[in-house]
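Below: run-v6.pdb (PDB, C-alpha atoms)
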```pdb
MODEL        1
ATOM      1  CA  MET F   1     -20.657 267.000 -11.648  1.00  0.00           C
ATOM      2  CA  SER F   2     -23.382 264.448 -12.269  1.00  0.00           C
ATOM      3  CA  VAL F   3     -23.750 260.702 -12.021  1.00  0.00           C
ATOM      4  CA  ARG F   4     -26.310 258.301 -13.491  1.00  0.00           C
ATOM      5  CA  LEU F   5     -27.823 255.527 -11.388  1.00  0.00           C
ATOM      6  CA  GLU F   6     -29.741 252.532 -12.695  1.00  0.00           C
ATOM      7  CA  ILE F   7     -32.263 251.275 -10.146  1.00  0.00           C
ATOM      8  CA  GLN F   8     -34.634 248.308 -10.195  1.00  0.00           C
ATOM      9  CA  LEU F   9     -37.625 249.365  -8.141  1.00  0.00           C
ATOM     10  CA  ALA F  10     -40.773 247.520  -7.113  1.00  0.00           C
ATOM     11  CA  SER F  11     -43.885 248.865  -8.851  1.00  0.00           C
ATOM     12  CA  ARG F  12     -45.722 249.997  -5.724  1.00  0.00           C
ATOM     13  CA  PRO F  13     -47.547 253.228  -4.929  1.00  0.00           C
ATOM     14  CA  GLY F  14     -45.121 255.847  -3.614  1.00  0.00           C
ATOM     15  CA  ALA F  15     -41.940 253.860  -4.281  1.00  0.00           C
ATOM     16  CA  LEU F  16     -40.533 256.320  -6.827  1.00  0.00           C
ATOM     17  CA  LEU F  17     -41.440 259.272  -4.628  1.00  0.00           C
ATOM     18  CA  ARG F  18     -39.608 257.728  -1.639  1.00  0.00           C
ATOM     19  CA  LEU F  19     -36.553 257.103  -3.810  1.00  0.00           C
ATOM     20  CA  LEU F  20     -36.425 260.678  -5.094  1.00  0.00           C
ATOM     21  CA  GLY F  21     -37.088 262.082  -1.631  1.00  0.00           C
ATOM     22  CA  LEU F  22     -34.164 260.133  -0.204  1.00  0.00           C
ATOM     23  CA  ALA F  23     -31.809 261.494  -2.852  1.00  0.00           C
ATOM     24  CA  GLU F  24     -32.961 265.064  -2.290  1.00  0.00           C
ATOM     25  CA  ARG F  25     -32.840 264.884   1.521  1.00  0.00           C
ATOM     26  CA  ARG F  26     -29.269 263.588   1.341  1.00  0.00           C
ATOM     27  CA  GLY F  27     -28.166 266.621  -0.689  1.00  0.00           C
ATOM     28  CA  TYR F  28     -28.174 265.164  -4.212  1.00  0.00           C
ATOM     29  CA  THR F  29     -30.232 267.108  -6.733  1.00  0.00           C
ATOM     30  CA  PRO F  30     -32.201 264.831  -9.093  1.00  0.00           C
ATOM     31  CA  PHE F  31     -32.383 266.497 -12.489  1.00  0.00           C
ATOM     32  CA  ARG F  32     -33.243 263.639 -14.852  1.00  0.00           C
ATOM     33  CA  VAL F  33     -35.569 260.714 -14.146  1.00  0.00           C
ATOM     34  CA  HIS F  34     -36.720 258.044 -16.564  1.00  0.00           C
ATOM     35  CA  ALA F  35     -38.848 255.128 -15.371  1.00  0.00           C
ATOM     36  CA  ALA F  36     -40.125 252.243 -17.488  1.00  0.00           C
ATOM     37  CA  PRO F  37     -41.692 248.838 -16.782  1.00  0.00           C
ATOM     38  CA  PHE F  38     -39.179 246.045 -16.251  1.00  0.00           C
ATOM     39  CA  GLY F  39     -41.477 243.082 -15.794  1.00  0.00           C
ATOM     40  CA  PRO F  40     -44.870 242.686 -14.156  1.00  0.00           C
ATOM     41  CA  THR F  41     -43.854 243.900 -10.676  1.00  0.00           C
ATOM     42  CA  THR F  42     -40.691 245.918 -11.289  1.00  0.00           C
ATOM     43  CA  GLN F  43     -39.718 249.158 -12.988  1.00  0.00           C
ATOM     44  CA  MET F  44     -36.298 250.303 -14.176  1.00  0.00           C
ATOM     45  CA  VAL F  45     -35.431 253.834 -13.087  1.00  0.00           C
ATOM     46  CA  HIS F  46     -32.575 255.808 -14.626  1.00  0.00           C
ATOM     47  CA  LEU F  47     -31.814 258.636 -12.212  1.00  0.00           C
ATOM     48  CA  THR F  48     -29.245 261.332 -12.869  1.00  0.00           C
ATOM     49  CA  VAL F  49     -28.219 263.410  -9.864  1.00  0.00           C
ATOM     50  CA  SER F  50     -25.810 266.294  -9.491  1.00  0.00           C
ATOM     51  CA  ARG F  51     -23.329 265.882  -6.709  1.00  0.00           C
ATOM     52  CA  GLU F  52     -20.447 267.526  -4.935  1.00  0.00           C
ATOM     53  CA  ARG F  53     -19.479 264.472  -2.903  1.00  0.00           C
ATOM     54  CA  PRO F  54     -19.115 260.733  -3.578  1.00  0.00           C
ATOM     55  CA  VAL F  55     -22.322 258.946  -4.537  1.00  0.00           C
ATOM     56  CA  ASP F  56     -21.413 255.655  -2.832  1.00  0.00           C
ATOM     57  CA  GLN F  57     -23.150 256.662   0.396  1.00  0.00           C
ATOM     58  CA  LEU F  58     -26.357 257.469  -1.487  1.00  0.00           C
ATOM     59  CA  ILE F  59     -26.247 254.060  -3.202  1.00  0.00           C
ATOM     60  CA  GLN F  60     -25.889 252.301   0.164  1.00  0.00           C
ATOM     61  CA  GLN F  61     -28.847 254.231   1.567  1.00  0.00           C
ATOM     62  CA  MET F  62     -30.993 253.475  -1.482  1.00  0.00           C
ATOM     63  CA  ARG F  63     -30.295 249.766  -1.081  1.00  0.00           C
ATOM     64  CA  LYS F  64     -31.866 249.945   2.378  1.00  0.00           C
ATOM     65  CA  LEU F  65     -35.227 251.074   0.970  1.00  0.00           C
ATOM     66  CA  TYR F  66     -37.745 248.237   0.981  1.00  0.00           C
ATOM     67  CA  ASP F  67     -38.837 248.729  -2.646  1.00  0.00           C
ATOM     68  CA  VAL F  68     -35.314 248.918  -4.122  1.00  0.00           C
ATOM     69  CA  ARG F  69     -34.162 245.620  -5.605  1.00  0.00           C
ATOM     70  CA  HIS F  70     -30.868 246.687  -7.209  1.00  0.00           C
ATOM     71  CA  VAL F  71     -28.811 249.899  -7.607  1.00  0.00           C
ATOM     72  CA  GLU F  72     -25.881 250.354  -9.952  1.00  0.00           C
ATOM     73  CA  LYS F  73     -23.758 253.371 -10.896  1.00  0.00           C
ATOM     74  CA  ARG F  74     -23.395 253.931 -14.650  1.00  0.00           C
TER      75      ARG F  74
ENDMDL
END
```

Render the structure in this file as C-alpha cells.
Amino acid sequence: MSVRLEIQLASRPGALLRLLGLAERRGYTPFRVHAAPFGPTTQMVHLTVSRERPVDQLIQQMRKLYDVRHVEKR
C-alpha cells in the first residue's frame, strides 16, 4: 500500500535529504519524489511512500524537523 504526502520544506542545503532519510529510517520506502519551488525560500515536495503501518506517526516525526513547515496526507 502507498500513501502520498505533500510537504512544504525550507529551501536549505540538505533539507530534502534529511526528510527522505527520516522516512527510510522509520521503515517507509520512498519510491516517488517530486520537488518544485514554492516561493523564494520554500519548496513543495510530493513524496509517495510504501507502507505496511499507519503513516500518522511518520507525519508527526516529519513535523519535528526544523526545515519542515507543513505536512499533509493526500

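Proximity of F:Ser2, F:Gln57, F:Gln43, F:Ser11 to Arg26 in chain F, computed with all atoms listed in the file, is greatest for F:Gln57.
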
Which residue is closest to Asp56 in chain F? Choose from F:Val3, F:Pro40, F:Arg32, F:Val68 and count all atoms listed in the file.
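Using all atoms listed in the file, Asp56 in chain F sits closest to F:Val3.
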
Taking the file as shown, what set of residues would the PyMOL selection byres ((chain F and resi 5) around 12) give back, as a PDB file with C-alpha atoms, in the frame of the given file?
```
ATOM      1  CA  SER F   2     -23.382 264.448 -12.269  1.00  0.00           C
ATOM      2  CA  VAL F   3     -23.750 260.702 -12.021  1.00  0.00           C
ATOM      3  CA  ARG F   4     -26.310 258.301 -13.491  1.00  0.00           C
ATOM      4  CA  GLU F   6     -29.741 252.532 -12.695  1.00  0.00           C
ATOM      5  CA  ILE F   7     -32.263 251.275 -10.146  1.00  0.00           C
ATOM      6  CA  GLN F   8     -34.634 248.308 -10.195  1.00  0.00           C
ATOM      7  CA  LEU F  19     -36.553 257.103  -3.810  1.00  0.00           C
ATOM      8  CA  LEU F  20     -36.425 260.678  -5.094  1.00  0.00           C
ATOM      9  CA  ALA F  23     -31.809 261.494  -2.852  1.00  0.00           C
ATOM     10  CA  PRO F  30     -32.201 264.831  -9.093  1.00  0.00           C
ATOM     11  CA  PHE F  31     -32.383 266.497 -12.489  1.00  0.00           C
ATOM     12  CA  ARG F  32     -33.243 263.639 -14.852  1.00  0.00           C
ATOM     13  CA  VAL F  33     -35.569 260.714 -14.146  1.00  0.00           C
ATOM     14  CA  HIS F  34     -36.720 258.044 -16.564  1.00  0.00           C
ATOM     15  CA  ALA F  35     -38.848 255.128 -15.371  1.00  0.00           C
ATOM     16  CA  MET F  44     -36.298 250.303 -14.176  1.00  0.00           C
ATOM     17  CA  VAL F  45     -35.431 253.834 -13.087  1.00  0.00           C
ATOM     18  CA  HIS F  46     -32.575 255.808 -14.626  1.00  0.00           C
ATOM     19  CA  LEU F  47     -31.814 258.636 -12.212  1.00  0.00           C
ATOM     20  CA  THR F  48     -29.245 261.332 -12.869  1.00  0.00           C
ATOM     21  CA  VAL F  49     -28.219 263.410  -9.864  1.00  0.00           C
ATOM     22  CA  SER F  50     -25.810 266.294  -9.491  1.00  0.00           C
ATOM     23  CA  VAL F  55     -22.322 258.946  -4.537  1.00  0.00           C
ATOM     24  CA  ASP F  56     -21.413 255.655  -2.832  1.00  0.00           C
ATOM     25  CA  LEU F  58     -26.357 257.469  -1.487  1.00  0.00           C
ATOM     26  CA  ILE F  59     -26.247 254.060  -3.202  1.00  0.00           C
ATOM     27  CA  MET F  62     -30.993 253.475  -1.482  1.00  0.00           C
ATOM     28  CA  HIS F  70     -30.868 246.687  -7.209  1.00  0.00           C
ATOM     29  CA  VAL F  71     -28.811 249.899  -7.607  1.00  0.00           C
ATOM     30  CA  GLU F  72     -25.881 250.354  -9.952  1.00  0.00           C
ATOM     31  CA  LYS F  73     -23.758 253.371 -10.896  1.00  0.00           C
ATOM     32  CA  ARG F  74     -23.395 253.931 -14.650  1.00  0.00           C
TER      33      ARG F  74
END
```

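Between CA of Gly21 in chain F and CA of Gln60 in chain F the separation is 15.0 Å.
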
Ranking F:Leu22, F:Arg12, F:Glu52, F:Met1 by minimum distance to Lys64 in chain F and counting all atoms listed in the file, which one comes first?
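Using all atoms listed in the file, Lys64 in chain F sits closest to F:Leu22.
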
Which residue of F:Leu16, F:Thr41, F:Tyr28, F:Leu65 approaches Arg53 in chain F most closely, using all atoms listed in the file
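Residue with the minimum atom-to-atom distance to Arg53 in chain F: F:Tyr28.
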
Any idea what the distance is between CA of Glu24 in chain F and CA of Pro37 in chain F?
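Atom-to-atom, CA of Glu24 in chain F and CA of Pro37 in chain F are spaced 23.4 Å apart.
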
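The space separating CA of Ala10 in chain F from CA of Gln61 in chain F comes to 16.2 Å.
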
As JSON: centre and edge lengths in Å, one decimal, of the axis-aligned box holding range 41-45 of chain F with 8 Å per side:
```
{"center_x": -39.6, "center_y": 248.9, "center_z": -12.4, "size_x": 24.4, "size_y": 25.9, "size_z": 19.5}
```
